[in-house]
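Dropping final09.pdb in here (PDB, C-alpha atoms, pLDDT in the B column):
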ATOM      1  CA  MET W   1      87.439  62.967-125.856  1.00 54.00           C
ATOM      2  CA  ALA W   2      85.944  62.336-129.290  1.00 58.00           C
ATOM      3  CA  ASN W   3      84.586  58.967-128.131  1.00 74.00           C
ATOM      4  CA  ASP W   4      82.989  60.619-125.100  1.00 80.00           C
ATOM      5  CA  LEU W   5      81.224  63.160-127.321  1.00 80.00           C
ATOM      6  CA  ALA W   6      80.078  60.428-129.716  1.00 85.00           C
ATOM      7  CA  ASN W   7      78.672  58.435-126.806  1.00 86.00           C
ATOM      8  CA  LYS W   8      76.856  61.498-125.465  1.00 83.00           C
ATOM      9  CA  ILE W   9      75.207  62.064-128.860  1.00 87.00           C
ATOM     10  CA  LYS W  10      74.205  58.398-129.099  1.00 86.00           C
ATOM     11  CA  ASN W  11      72.947  58.260-125.514  1.00 86.00           C
ATOM     12  CA  TYR W  12      70.892  61.420-126.016  1.00 85.00           C
ATOM     13  CA  ARG W  13      69.278  59.904-129.115  1.00 85.00           C
ATOM     14  CA  ILE W  14      68.482  56.608-127.406  1.00 85.00           C
ATOM     15  CA  ASP W  15      67.251  58.204-124.155  1.00 83.00           C
ATOM     16  CA  ASN W  16      64.803  60.343-126.146  1.00 80.00           C
ATOM     17  CA  ASN W  17      63.610  57.463-128.356  1.00 80.00           C
ATOM     18  CA  LEU W  18      64.878  59.142-131.514  1.00 85.00           C
ATOM     19  CA  THR W  19      65.911  57.272-134.639  1.00 85.00           C
ATOM     20  CA  LEU W  20      68.941  58.442-136.604  1.00 87.00           C
ATOM     21  CA  ASP W  21      66.539  59.841-139.198  1.00 84.00           C
ATOM     22  CA  GLU W  22      64.585  61.853-136.638  1.00 85.00           C
ATOM     23  CA  LEU W  23      67.724  63.300-135.030  1.00 88.00           C
ATOM     24  CA  ALA W  24      69.066  64.148-138.491  1.00 87.00           C
ATOM     25  CA  HIS W  25      65.838  65.960-139.322  1.00 82.00           C
ATOM     26  CA  LYS W  26      65.741  67.868-136.051  1.00 81.00           C
ATOM     27  CA  SER W  27      69.427  68.841-136.030  1.00 85.00           C
ATOM     28  CA  GLY W  28      70.091  69.406-139.717  1.00 83.00           C
ATOM     29  CA  VAL W  29      73.062  67.006-139.533  1.00 88.00           C
ATOM     30  CA  SER W  30      72.929  64.256-142.169  1.00 87.00           C
ATOM     31  CA  ARG W  31      71.981  60.750-141.114  1.00 87.00           C
ATOM     32  CA  ALA W  32      75.188  59.408-142.647  1.00 87.00           C
ATOM     33  CA  THR W  33      77.302  61.773-140.535  1.00 89.00           C
ATOM     34  CA  LEU W  34      75.487  60.831-137.335  1.00 91.00           C
ATOM     35  CA  ALA W  35      75.838  57.122-138.151  1.00 89.00           C
ATOM     36  CA  ARG W  36      79.584  57.462-138.760  1.00 89.00           C
ATOM     37  CA  ILE W  37      80.005  59.346-135.471  1.00 90.00           C
ATOM     38  CA  GLU W  38      78.074  56.738-133.481  1.00 89.00           C
ATOM     39  CA  ASN W  39      80.036  53.912-135.111  1.00 88.00           C
ATOM     40  CA  GLY W  40      83.363  55.568-134.325  1.00 86.00           C
ATOM     41  CA  GLN W  41      84.150  56.193-137.992  1.00 88.00           C
ATOM     42  CA  ALA W  42      84.211  59.986-137.650  1.00 87.00           C
ATOM     43  CA  ASN W  43      84.717  62.592-134.945  1.00 87.00           C
ATOM     44  CA  PRO W  44      81.941  65.101-134.226  1.00 86.00           C
ATOM     45  CA  THR W  45      82.753  68.676-135.209  1.00 85.00           C
ATOM     46  CA  MET W  46      81.804  71.631-133.031  1.00 81.00           C
ATOM     47  CA  LYS W  47      79.083  72.460-135.573  1.00 82.00           C
ATOM     48  CA  THR W  48      77.567  69.000-135.138  1.00 87.00           C
ATOM     49  CA  ILE W  49      77.778  69.195-131.348  1.00 85.00           C
ATOM     50  CA  ARG W  50      76.047  72.585-131.276  1.00 80.00           C
ATOM     51  CA  ALA W  51      73.332  71.353-133.628  1.00 84.00           C
ATOM     52  CA  VAL W  52      72.548  68.383-131.387  1.00 84.00           C
ATOM     53  CA  GLU W  53      72.660  70.590-128.290  1.00 78.00           C
ATOM     54  CA  GLN W  54      70.071  72.879-129.855  1.00 73.00           C
ATOM     55  CA  VAL W  55      67.802  69.897-130.366  1.00 76.00           C
ATOM     56  CA  ALA W  56      68.322  68.831-126.760  1.00 71.00           C
ATOM     57  CA  PHE W  57      67.330  72.231-125.390  1.00 60.00           C
ATOM     58  CA  ARG W  58      64.514  72.906-127.842  1.00 58.00           C
ATOM     59  CA  CYS W  59      61.050  72.521-126.341  1.00 48.00           C
ATOM     60  CA  ASP W  60      59.723  70.124-128.976  1.00 51.00           C
ATOM     61  CA  ASN W  61      57.218  68.696-126.525  1.00 54.00           C
ATOM     62  CA  GLU W  62      55.261  71.931-126.691  1.00 69.00           C
ATOM     63  CA  TYR W  63      54.025  70.893-130.122  1.00 84.00           C
ATOM     64  CA  PRO W  64      51.565  68.036-130.714  1.00 89.00           C
ATOM     65  CA  THR W  65      53.163  65.249-132.734  1.00 90.00           C
ATOM     66  CA  ILE W  66      51.981  62.076-134.430  1.00 92.00           C
ATOM     67  CA  LYS W  67      54.148  59.332-135.893  1.00 91.00           C
ATOM     68  CA  PHE W  68      53.204  56.288-137.921  1.00 95.00           C
ATOM     69  CA  THR W  69      54.763  53.688-140.192  1.00 94.00           C
ATOM     70  CA  VAL W  70      53.452  52.516-143.544  1.00 97.00           C
ATOM     71  CA  GLU W  71      54.818  49.002-143.977  1.00 96.00           C
ATOM     72  CA  GLY W  72      55.951  47.771-147.379  1.00 97.00           C
ATOM     73  CA  LYS W  73      57.686  49.267-150.381  1.00 96.00           C
ATOM     74  CA  PRO W  74      57.388  53.092-150.495  1.00 97.00           C
ATOM     75  CA  GLY W  75      54.737  54.242-152.933  1.00 96.00           C
ATOM     76  CA  SER W  76      54.787  57.193-155.289  1.00 92.00           C
ATOM     77  CA  LYS W  77      52.163  59.405-156.868  1.00 88.00           C
ATOM     78  CA  GLY W  78      51.228  58.003-160.256  1.00 80.00           C
ATOM     79  CA  ARG W  79      50.377  60.369-163.067  1.00 71.00           C
ATOM     80  CA  PRO W  80      46.678  60.674-164.011  1.00 71.00           C
ATOM     81  CA  ARG W  81      45.597  58.280-166.749  1.00 65.00           C
ATOM     82  CA  PHE W  82      43.383  59.231-169.644  1.00 61.00           C
ATOM     83  CA  THR W  83      40.593  57.262-171.244  1.00 67.00           C
ATOM     84  CA  SER W  84      37.798  57.912-173.676  1.00 62.00           C
ATOM     85  CA  ARG W  85      34.208  56.810-173.260  1.00 64.00           C
ATOM     86  CA  GLY W  86      31.330  57.807-175.483  1.00 64.00           C
ATOM     87  CA  GLY W  87      33.551  60.236-177.298  1.00 63.00           C
ATOM     88  CA  HIS W  88      34.415  62.084-174.074  1.00 65.00           C
ATOM     89  CA  ALA W  89      37.878  62.110-172.527  1.00 64.00           C
ATOM     90  CA  ARG W  90      38.232  61.661-168.786  1.00 68.00           C
ATOM     91  CA  THR W  91      41.064  61.246-166.317  1.00 71.00           C
ATOM     92  CA  TYR W  92      41.420  58.764-163.487  1.00 63.00           C
ATOM     93  CA  THR W  93      43.939  57.953-160.769  1.00 78.00           C
ATOM     94  CA  PRO W  94      45.890  54.683-161.181  1.00 88.00           C
ATOM     95  CA  LYS W  95      44.608  51.889-158.914  1.00 90.00           C
ATOM     96  CA  ALA W  96      48.041  51.403-157.299  1.00 93.00           C
ATOM     97  CA  THR W  97      48.039  55.051-156.208  1.00 94.00           C
ATOM     98  CA  THR W  98      44.485  54.850-154.847  1.00 94.00           C
ATOM     99  CA  ASN W  99      45.233  51.691-152.863  1.00 95.00           C
ATOM    100  CA  TYR W 100      48.449  53.069-151.373  1.00 97.00           C
ATOM    101  CA  GLU W 101      46.798  56.349-150.360  1.00 97.00           C
ATOM    102  CA  ALA W 102      44.027  54.373-148.639  1.00 97.00           C
ATOM    103  CA  PHE W 103      46.637  52.424-146.662  1.00 97.00           C
ATOM    104  CA  VAL W 104      48.402  55.665-145.646  1.00 97.00           C
ATOM    105  CA  LYS W 105      45.059  57.101-144.476  1.00 97.00           C
ATOM    106  CA  PHE W 106      44.405  53.974-142.409  1.00 97.00           C
ATOM    107  CA  CYS W 107      47.817  54.142-140.703  1.00 97.00           C
ATOM    108  CA  ALA W 108      47.456  57.867-139.984  1.00 98.00           C
ATOM    109  CA  MET W 109      43.938  57.486-138.576  1.00 97.00           C
ATOM    110  CA  ASN W 110      45.167  54.803-136.170  1.00 97.00           C
ATOM    111  CA  ALA W 111      47.958  57.103-134.981  1.00 96.00           C
ATOM    112  CA  ILE W 112      45.549  59.994-134.463  1.00 96.00           C
ATOM    113  CA  GLU W 113      43.005  57.855-132.630  1.00 95.00           C
ATOM    114  CA  ASN W 114      45.709  56.613-130.266  1.00 93.00           C
ATOM    115  CA  ASN W 115      47.093  60.094-129.616  1.00 89.00           C
ATOM    116  CA  PRO W 116      46.050  60.967-126.033  1.00 85.00           C
ATOM    117  CA  GLU W 117      46.435  64.691-126.691  1.00 84.00           C
ATOM    118  CA  GLY W 118      44.023  64.677-129.630  1.00 90.00           C
ATOM    119  CA  TRP W 119      44.732  66.218-133.004  1.00 95.00           C
ATOM    120  CA  ARG W 120      43.587  69.354-134.841  1.00 94.00           C
ATOM    121  CA  ARG W 121      43.475  69.705-138.623  1.00 95.00           C
ATOM    122  CA  ASP W 122      43.444  73.498-138.782  1.00 95.00           C
ATOM    123  CA  GLY W 123      47.084  74.317-138.061  1.00 95.00           C
ATOM    124  CA  ALA W 124      50.484  74.702-139.721  1.00 95.00           C
ATOM    125  CA  TYR W 125      52.522  71.519-139.982  1.00 95.00           C
ATOM    126  CA  GLU W 126      56.068  70.234-140.225  1.00 91.00           C
ATOM    127  CA  VAL W 127      56.454  66.844-141.915  1.00 93.00           C
ATOM    128  CA  TYR W 128      59.326  64.364-141.962  1.00 91.00           C
ATOM    129  CA  ILE W 129      59.114  61.394-144.348  1.00 93.00           C
ATOM    130  CA  GLY W 130      61.691  58.611-144.259  1.00 92.00           C
ATOM    131  CA  ALA W 131      61.364  56.196-147.195  1.00 95.00           C
ATOM    132  CA  TYR W 132      63.220  52.927-146.567  1.00 94.00           C
ATOM    133  CA  PHE W 133      64.146  50.771-149.559  1.00 97.00           C
ATOM    134  CA  ALA W 134      65.531  47.248-149.738  1.00 97.00           C
ATOM    135  CA  ILE W 135      69.174  46.867-150.737  1.00 96.00           C
ATOM    136  CA  PRO W 136      69.464  45.184-154.160  1.00 96.00           C
ATOM    137  CA  LYS W 137      70.296  41.497-153.683  1.00 95.00           C
ATOM    138  CA  SER W 138      72.908  41.656-156.433  1.00 96.00           C
ATOM    139  CA  ARG W 139      75.079  44.057-154.440  1.00 96.00           C
ATOM    140  CA  PRO W 140      78.200  42.755-152.630  1.00 96.00           C
ATOM    141  CA  LYS W 141      78.478  42.518-148.850  1.00 95.00           C
ATOM    142  CA  ALA W 142      80.671  45.641-148.620  1.00 96.00           C
ATOM    143  CA  TYR W 143      78.024  47.669-150.472  1.00 96.00           C
ATOM    144  CA  LYS W 144      75.285  46.452-148.114  1.00 94.00           C
ATOM    145  CA  GLY W 145      77.348  47.330-145.054  1.00 92.00           C
ATOM    146  CA  GLN W 146      77.877  50.897-146.256  1.00 91.00           C
ATOM    147  CA  ALA W 147      74.243  51.219-147.323  1.00 92.00           C
ATOM    148  CA  LEU W 148      72.915  50.226-143.903  1.00 88.00           C
ATOM    149  CA  ILE W 149      74.853  53.003-142.141  1.00 84.00           C
ATOM    150  CA  GLY W 150      73.730  55.618-144.644  1.00 84.00           C
ATOM    151  CA  ASN W 151      76.900  56.017-146.701  1.00 87.00           C
ATOM    152  CA  ILE W 152      75.066  54.846-149.819  1.00 93.00           C
ATOM    153  CA  ARG W 153      71.568  56.050-150.682  1.00 93.00           C
ATOM    154  CA  PRO W 154      68.917  54.819-153.147  1.00 96.00           C
ATOM    155  CA  THR W 155      69.222  56.888-156.329  1.00 97.00           C
ATOM    156  CA  THR W 156      66.593  55.093-158.392  1.00 94.00           C
ATOM    157  CA  ARG W 157      62.912  55.901-158.767  1.00 94.00           C
ATOM    158  CA  PRO W 158      60.619  56.896-157.182  1.00 96.00           C
ATOM    159  CA  ASP W 159      61.951  60.390-156.568  1.00 96.00           C
ATOM    160  CA  VAL W 160      61.390  62.230-153.288  1.00 96.00           C
ATOM    161  CA  ASP W 161      58.854  64.604-154.855  1.00 96.00           C
ATOM    162  CA  ASN W 162      56.514  61.753-155.783  1.00 95.00           C
ATOM    163  CA  ILE W 163      56.960  60.069-152.403  1.00 97.00           C
ATOM    164  CA  THR W 164      56.115  63.325-150.641  1.00 97.00           C
ATOM    165  CA  LYS W 165      53.174  63.943-152.950  1.00 96.00           C
ATOM    166  CA  ILE W 166      51.446  60.610-152.339  1.00 97.00           C
ATOM    167  CA  ILE W 167      51.866  60.852-148.549  1.00 97.00           C
ATOM    168  CA  CYS W 168      50.695  64.461-148.259  1.00 97.00           C
ATOM    169  CA  ASP W 169      47.755  63.983-150.643  1.00 97.00           C
ATOM    170  CA  ALA W 170      46.651  60.900-148.715  1.00 97.00           C
ATOM    171  CA  LEU W 171      46.597  62.900-145.478  1.00 98.00           C
ATOM    172  CA  ASN W 172      44.207  65.562-146.798  1.00 98.00           C
ATOM    173  CA  GLY W 173      41.163  65.508-144.552  1.00 97.00           C
ATOM    174  CA  ILE W 174      43.006  63.278-142.060  1.00 97.00           C
ATOM    175  CA  ALA W 175      46.040  65.105-140.617  1.00 98.00           C
ATOM    176  CA  TRP W 176      45.092  68.473-142.107  1.00 98.00           C
ATOM    177  CA  VAL W 177      42.373  70.001-144.239  1.00 96.00           C
ATOM    178  CA  ASP W 178      44.691  70.481-147.208  1.00 97.00           C
ATOM    179  CA  ASP W 179      48.404  69.858-147.707  1.00 97.00           C
ATOM    180  CA  SER W 180      48.906  73.574-148.371  1.00 97.00           C
ATOM    181  CA  GLN W 181      49.078  73.719-144.559  1.00 97.00           C
ATOM    182  CA  VAL W 182      52.423  71.886-144.639  1.00 97.00           C
ATOM    183  CA  VAL W 183      54.968  74.669-144.179  1.00 94.00           C
ATOM    184  CA  ILE W 184      58.096  72.564-143.579  1.00 90.00           C
ATOM    185  CA  SER W 185      58.766  69.283-145.348  1.00 91.00           C
ATOM    186  CA  TYR W 186      61.770  66.962-145.355  1.00 89.00           C
ATOM    187  CA  THR W 187      61.866  63.665-147.254  1.00 92.00           C
ATOM    188  CA  GLU W 188      64.786  61.282-147.569  1.00 90.00           C
ATOM    189  CA  LYS W 189      65.422  57.898-149.181  1.00 94.00           C
ATOM    190  CA  ILE W 190      67.302  55.334-147.102  1.00 92.00           C
ATOM    191  CA  TYR W 191      68.417  51.742-147.470  1.00 94.00           C
ATOM    192  CA  ALA W 192      67.233  49.279-144.819  1.00 93.00           C
ATOM    193  CA  ASP W 193      66.546  45.597-144.178  1.00 93.00           C
ATOM    194  CA  GLU W 194      62.782  46.171-144.196  1.00 94.00           C
ATOM    195  CA  GLU W 195      60.942  48.434-146.637  1.00 97.00           C
ATOM    196  CA  ARG W 196      58.617  50.992-145.105  1.00 95.00           C
ATOM    197  CA  VAL W 197      57.794  54.691-144.858  1.00 96.00           C
ATOM    198  CA  VAL W 198      58.033  56.492-141.520  1.00 93.00           C
ATOM    199  CA  VAL W 199      55.984  59.678-141.207  1.00 94.00           C
ATOM    200  CA  LEU W 200      56.420  62.222-138.412  1.00 92.00           C
ATOM    201  CA  ILE W 201      54.035  65.184-138.299  1.00 94.00           C
ATOM    202  CA  LYS W 202      54.296  68.089-135.903  1.00 90.00           C
ATOM    203  CA  ASP W 203      51.654  70.780-135.419  1.00 93.00           C
ATOM    204  CA  ILE W 204      53.886  73.856-135.187  1.00 89.00           C
ATOM    205  CA  THR W 205      51.113  76.439-135.002  1.00 92.00           C
ATOM    206  CA  HIS W 206      52.421  79.105-132.645  1.00 85.00           C
ATOM    207  CA  PRO W 207      50.283  79.905-129.561  1.00 83.00           C
ATOM    208  CA  LYS W 208      50.290  83.581-130.557  1.00 84.00           C
ATOM    209  CA  ASP W 209      49.024  82.810-134.066  1.00 88.00           C
ATOM    210  CA  ARG W 210      45.375  83.940-133.862  1.00 84.00           C
ATOM    211  CA  TRP W 211      44.725  83.603-137.583  1.00 89.00           C
ATOM    212  CA  THR W 212      45.727  80.155-138.878  1.00 87.00           C
ATOM    213  CA  ARG W 213      43.203  78.303-136.699  1.00 83.00           C
ATOM    214  CA  LYS W 214      40.348  80.342-138.180  1.00 70.00           C
ATOM    215  CA  ARG W 215      39.888  78.226-141.286  1.00 58.00           C
TER     216      ARG W 215
END
This structure in structure tokens:
Amino acid sequence: MANDLANKIKNYRIDNNLTLDELAHKSGVSRATLARIENGQANPTMKTIRAVEQVAFRCDNEYPTIKFTVEGKPGSKGRPRFTSRGGHARTYTPKATTNYEAFVKFCAMNAIENNPEGWRRDGAYEVYIGAYFAIPKSRPKAYKGQALIGNIRPTTRPDVDNITKIICDALNGIAWVDDSQVVISYTEKIYADEERVVVLIKDITHPKDRWTRKR
């Protein structure tokens, strides 16, 4: 019985082209829990089953969505630097931050241009950010195995706040006018074989909302 339920959860995820991270975000069930269920290491509870069922019956397709991947090591928002010229102090953004934000903009613009439904920047948005980090080479094989199924997470810098900050700031003027329009945000750090950041943005502006669009 438990195996049948685990297979149903896995089949639903695969049939709907959802990653473990995306299903975790949509259902509120942790990625590690879903991974253990799919691998037969844990039995799904009724709470988990109901959460996945709610995702299955939710009309997510009613909301425009864009998804893109930023390849490479996840970046973070660097603190402003200070310099003095001619006796006047000024601030500037570190070059690494500027370059990473430009790459995020490029990836997002490609996703928007290839979105057949088009994209509006005057709504309210839900954002999921999955930051994938390489497993340290010094770790033993058992550690790597647990890390890849989500039982071990990266607990070193950068922190999720800085990851979220650099992604959302980079998308100002691209996915939205200003990141104050992001009303739901979920960011997680995950170990993987290839470093990258996956960004999923959903325009959740309600059809009856006659005010938000009037920016």
Nearest residue to Arg157 in chain W from the set W:Tyr125, W:Trp211, W:Ser76, W:Ile112 (distances using all atoms listed in the file):
W:Ser76
Fewer than 4 positions away in the same chain doesn't count, so skip those; otherwise give me all residues within 9 Å of Val104 in chain W, counting only C-alpha atoms, as a short mmCIF file (atom, residue, chain, number, x, y, z; two decimals) with C-alpha atoms, in the coordinates of the input.
data_model
loop_
_atom_site.label_atom_id
_atom_site.label_comp_id
_atom_site.auth_asym_id
_atom_site.auth_seq_id
_atom_site.Cartn_x
_atom_site.Cartn_y
_atom_site.Cartn_z
CA THR W 69 54.76 53.69 -140.19
CA VAL W 70 53.45 52.52 -143.54
CA ASN W 99 45.23 51.69 -152.86
CA TYR W 100 48.45 53.07 -151.37
CA ALA W 108 47.46 57.87 -139.98
CA MET W 109 43.94 57.49 -138.58
CA ILE W 166 51.45 60.61 -152.34
CA ILE W 167 51.87 60.85 -148.55
CA ALA W 170 46.65 60.90 -148.72
CA LEU W 171 46.60 62.90 -145.48
#
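Here CA of Lys165 in chain W is placed at a distance of 9.2 Å from CA of Asp179 in chain W.
Within 9 Å of the point (53.5, 63.4, -140.5) in file coordinates, and counting all atoms listed in the file, lie the residues Thr65, Ile66, Lys67, Phe68, Ala108, Tyr125, Glu126, Val127, Tyr128, Ile129, Ile167, Cys168, Leu171, Ala175, Val198, Val199, Leu200, Ile201 and Lys202 of chain W.
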Dump of C-alpha atoms for the selected residues, as a short mmCIF file (atom, residue, chain, number, x, y, z; two decimals), keeping the file's coordinate frame:
data_model
loop_
_atom_site.label_atom_id
_atom_site.label_comp_id
_atom_site.auth_asym_id
_atom_site.auth_seq_id
_atom_site.Cartn_x
_atom_site.Cartn_y
_atom_site.Cartn_z
CA THR W 65 53.16 65.25 -132.73
CA ILE W 66 51.98 62.08 -134.43
CA LYS W 67 54.15 59.33 -135.89
CA PHE W 68 53.20 56.29 -137.92
CA ALA W 108 47.46 57.87 -139.98
CA TYR W 125 52.52 71.52 -139.98
CA GLU W 126 56.07 70.23 -140.22
CA VAL W 127 56.45 66.84 -141.92
CA TYR W 128 59.33 64.36 -141.96
CA ILE W 129 59.11 61.39 -144.35
CA ILE W 167 51.87 60.85 -148.55
CA CYS W 168 50.70 64.46 -148.26
CA LEU W 171 46.60 62.90 -145.48
CA ALA W 175 46.04 65.10 -140.62
CA VAL W 198 58.03 56.49 -141.52
CA VAL W 199 55.98 59.68 -141.21
CA LEU W 200 56.42 62.22 -138.41
CA ILE W 201 54.04 65.18 -138.30
CA LYS W 202 54.30 68.09 -135.90
#
Range 110-174 of chain W residues near range 31-35 of chain W within 6 Å, closest pair each, using all atoms listed in the file, as JSON lines:
{"residue": "W:Ile149", "atom": "CA", "partner": "W:Ala35", "partner_atom": "CA", "distance": 5.8}
{"residue": "W:Gly150", "atom": "CA", "partner": "W:Ala32", "partner_atom": "CA", "distance": 4.5}
{"residue": "W:Asn151", "atom": "CA", "partner": "W:Ala32", "partner_atom": "CA", "distance": 5.6}
Box for range 123-137 of chain W: with edges along x, y and z, all listed atoms inside and 4 Å added on each side, what are the centre and edge lengths in Å to one decimal, as JSON?
{"center_x": 58.7, "center_y": 58.1, "center_z": -146.1, "size_x": 31.2, "size_y": 41.2, "size_z": 24.1}
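Of the residues listed (W:Gly40, W:Pro207, W:Pro154, W:Gly123), W:Pro154 shows the shortest atom-to-atom separation from Ile135 in chain W; distances use only C-alpha atoms.
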Evaluate the PyMOL selection byres ((chain W and resi 42-50) around 9) here and jot the selected residues down as an MDAnalysis selection string.
chainID W and resid 2:3 5:6 9 27:29 33:41 51:55
The selected residues should be written to file as a PDB file, in the coordinates of the input (atoms: C-alpha atoms).
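This is the output file part-v7.pdb:
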ATOM      1  CA  ALA W   2      85.944  62.336-129.290  1.00 58.00           C
ATOM      2  CA  ASN W   3      84.586  58.967-128.131  1.00 74.00           C
ATOM      3  CA  LEU W   5      81.224  63.160-127.321  1.00 80.00           C
ATOM      4  CA  ALA W   6      80.078  60.428-129.716  1.00 85.00           C
ATOM      5  CA  ILE W   9      75.207  62.064-128.860  1.00 87.00           C
ATOM      6  CA  SER W  27      69.427  68.841-136.030  1.00 85.00           C
ATOM      7  CA  GLY W  28      70.091  69.406-139.717  1.00 83.00           C
ATOM      8  CA  VAL W  29      73.062  67.006-139.533  1.00 88.00           C
ATOM      9  CA  THR W  33      77.302  61.773-140.535  1.00 89.00           C
ATOM     10  CA  LEU W  34      75.487  60.831-137.335  1.00 91.00           C
ATOM     11  CA  ALA W  35      75.838  57.122-138.151  1.00 89.00           C
ATOM     12  CA  ARG W  36      79.584  57.462-138.760  1.00 89.00           C
ATOM     13  CA  ILE W  37      80.005  59.346-135.471  1.00 90.00           C
ATOM     14  CA  GLU W  38      78.074  56.738-133.481  1.00 89.00           C
ATOM     15  CA  ASN W  39      80.036  53.912-135.111  1.00 88.00           C
ATOM     16  CA  GLY W  40      83.363  55.568-134.325  1.00 86.00           C
ATOM     17  CA  GLN W  41      84.150  56.193-137.992  1.00 88.00           C
ATOM     18  CA  ALA W  51      73.332  71.353-133.628  1.00 84.00           C
ATOM     19  CA  VAL W  52      72.548  68.383-131.387  1.00 84.00           C
ATOM     20  CA  GLU W  53      72.660  70.590-128.290  1.00 78.00           C
ATOM     21  CA  GLN W  54      70.071  72.879-129.855  1.00 73.00           C
ATOM     22  CA  VAL W  55      67.802  69.897-130.366  1.00 76.00           C
TER      23      VAL W  55
END
List, as a list in words, every residue that the PyMOL selection byres ((chain W and resi 158) around 9) selects in the file provided.
Pro74, Gly75, Ser76, Lys77, Thr155, Thr156, Arg157, Asp159, Val160, Asp161, Asn162 and Ile163 of chain W
For range 165-180 of chain W, where the input has fewer atoms than it should, I would like N, CA and C atoms rebuilt and written as a PDB file, keeping the file's coordinate frame.
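Saved as out33.pdb:
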ATOM      1  N   LYS W 165      54.486  63.634-152.391  1.00 96.00           N
ATOM      2  CA  LYS W 165      53.174  63.943-152.950  1.00 96.00           C
ATOM      3  C   LYS W 165      52.121  62.922-152.538  1.00 96.00           C
ATOM      4  N   ILE W 166      52.456  61.626-152.649  1.00 97.00           N
ATOM      5  CA  ILE W 166      51.446  60.610-152.339  1.00 97.00           C
ATOM      6  C   ILE W 166      51.119  60.582-150.846  1.00 97.00           C
ATOM      7  N   ILE W 167      52.117  60.834-149.993  1.00 97.00           N
ATOM      8  CA  ILE W 167      51.866  60.852-148.549  1.00 97.00           C
ATOM      9  C   ILE W 167      51.011  62.070-148.175  1.00 97.00           C
ATOM     10  N   CYS W 168      51.403  63.234-148.633  1.00 97.00           N
ATOM     11  CA  CYS W 168      50.695  64.461-148.259  1.00 97.00           C
ATOM     12  C   CYS W 168      49.280  64.497-148.834  1.00 97.00           C
ATOM     13  N   ASP W 169      49.095  64.034-150.061  1.00 97.00           N
ATOM     14  CA  ASP W 169      47.755  63.983-150.643  1.00 97.00           C
ATOM     15  C   ASP W 169      46.862  63.018-149.867  1.00 97.00           C
ATOM     16  N   ALA W 170      47.436  61.890-149.459  1.00 97.00           N
ATOM     17  CA  ALA W 170      46.651  60.900-148.715  1.00 97.00           C
ATOM     18  C   ALA W 170      46.173  61.440-147.375  1.00 97.00           C
ATOM     19  N   LEU W 171      46.929  62.382-146.811  1.00 98.00           N
ATOM     20  CA  LEU W 171      46.597  62.900-145.478  1.00 98.00           C
ATOM     21  C   LEU W 171      45.646  64.083-145.500  1.00 98.00           C
ATOM     22  N   ASN W 172      45.233  64.510-146.704  1.00 98.00           N
ATOM     23  CA  ASN W 172      44.207  65.562-146.798  1.00 98.00           C
ATOM     24  C   ASN W 172      42.909  65.066-146.153  1.00 98.00           C
ATOM     25  N   GLY W 173      42.382  65.886-145.254  1.00 97.00           N
ATOM     26  CA  GLY W 173      41.163  65.508-144.552  1.00 97.00           C
ATOM     27  C   GLY W 173      41.407  64.577-143.375  1.00 97.00           C
ATOM     28  N   ILE W 174      42.655  64.169-143.169  1.00 97.00           N
ATOM     29  CA  ILE W 174      43.006  63.278-142.060  1.00 97.00           C
ATOM     30  C   ILE W 174      43.901  63.995-141.053  1.00 97.00           C
ATOM     31  N   ALA W 175      45.097  64.400-141.497  1.00 98.00           N
ATOM     32  CA  ALA W 175      46.040  65.105-140.617  1.00 98.00           C
ATOM     33  C   ALA W 175      45.866  66.612-140.724  1.00 98.00           C
ATOM     34  N   TRP W 176      45.359  67.052-141.860  1.00 98.00           N
ATOM     35  CA  TRP W 176      45.092  68.473-142.107  1.00 98.00           C
ATOM     36  C   TRP W 176      43.940  68.589-143.082  1.00 98.00           C
ATOM     37  N   VAL W 177      43.447  69.801-143.277  1.00 96.00           N
ATOM     38  CA  VAL W 177      42.373  70.001-144.239  1.00 96.00           C
ATOM     39  C   VAL W 177      42.920  69.863-145.655  1.00 96.00           C
ATOM     40  N   ASP W 178      44.051  70.526-145.894  1.00 97.00           N
ATOM     41  CA  ASP W 178      44.691  70.481-147.208  1.00 97.00           C
ATOM     42  C   ASP W 178      46.205  70.551-147.016  1.00 97.00           C
ATOM     43  N   ASP W 179      46.954  69.893-147.903  1.00 97.00           N
ATOM     44  CA  ASP W 179      48.404  69.858-147.707  1.00 97.00           C
ATOM     45  C   ASP W 179      49.093  71.196-147.959  1.00 97.00           C
ATOM     46  N   SER W 180      48.333  72.223-148.318  1.00 97.00           N
ATOM     47  CA  SER W 180      48.906  73.574-148.371  1.00 97.00           C
ATOM     48  C   SER W 180      49.278  74.058-146.971  1.00 97.00           C
TER      49      SER W 180
END
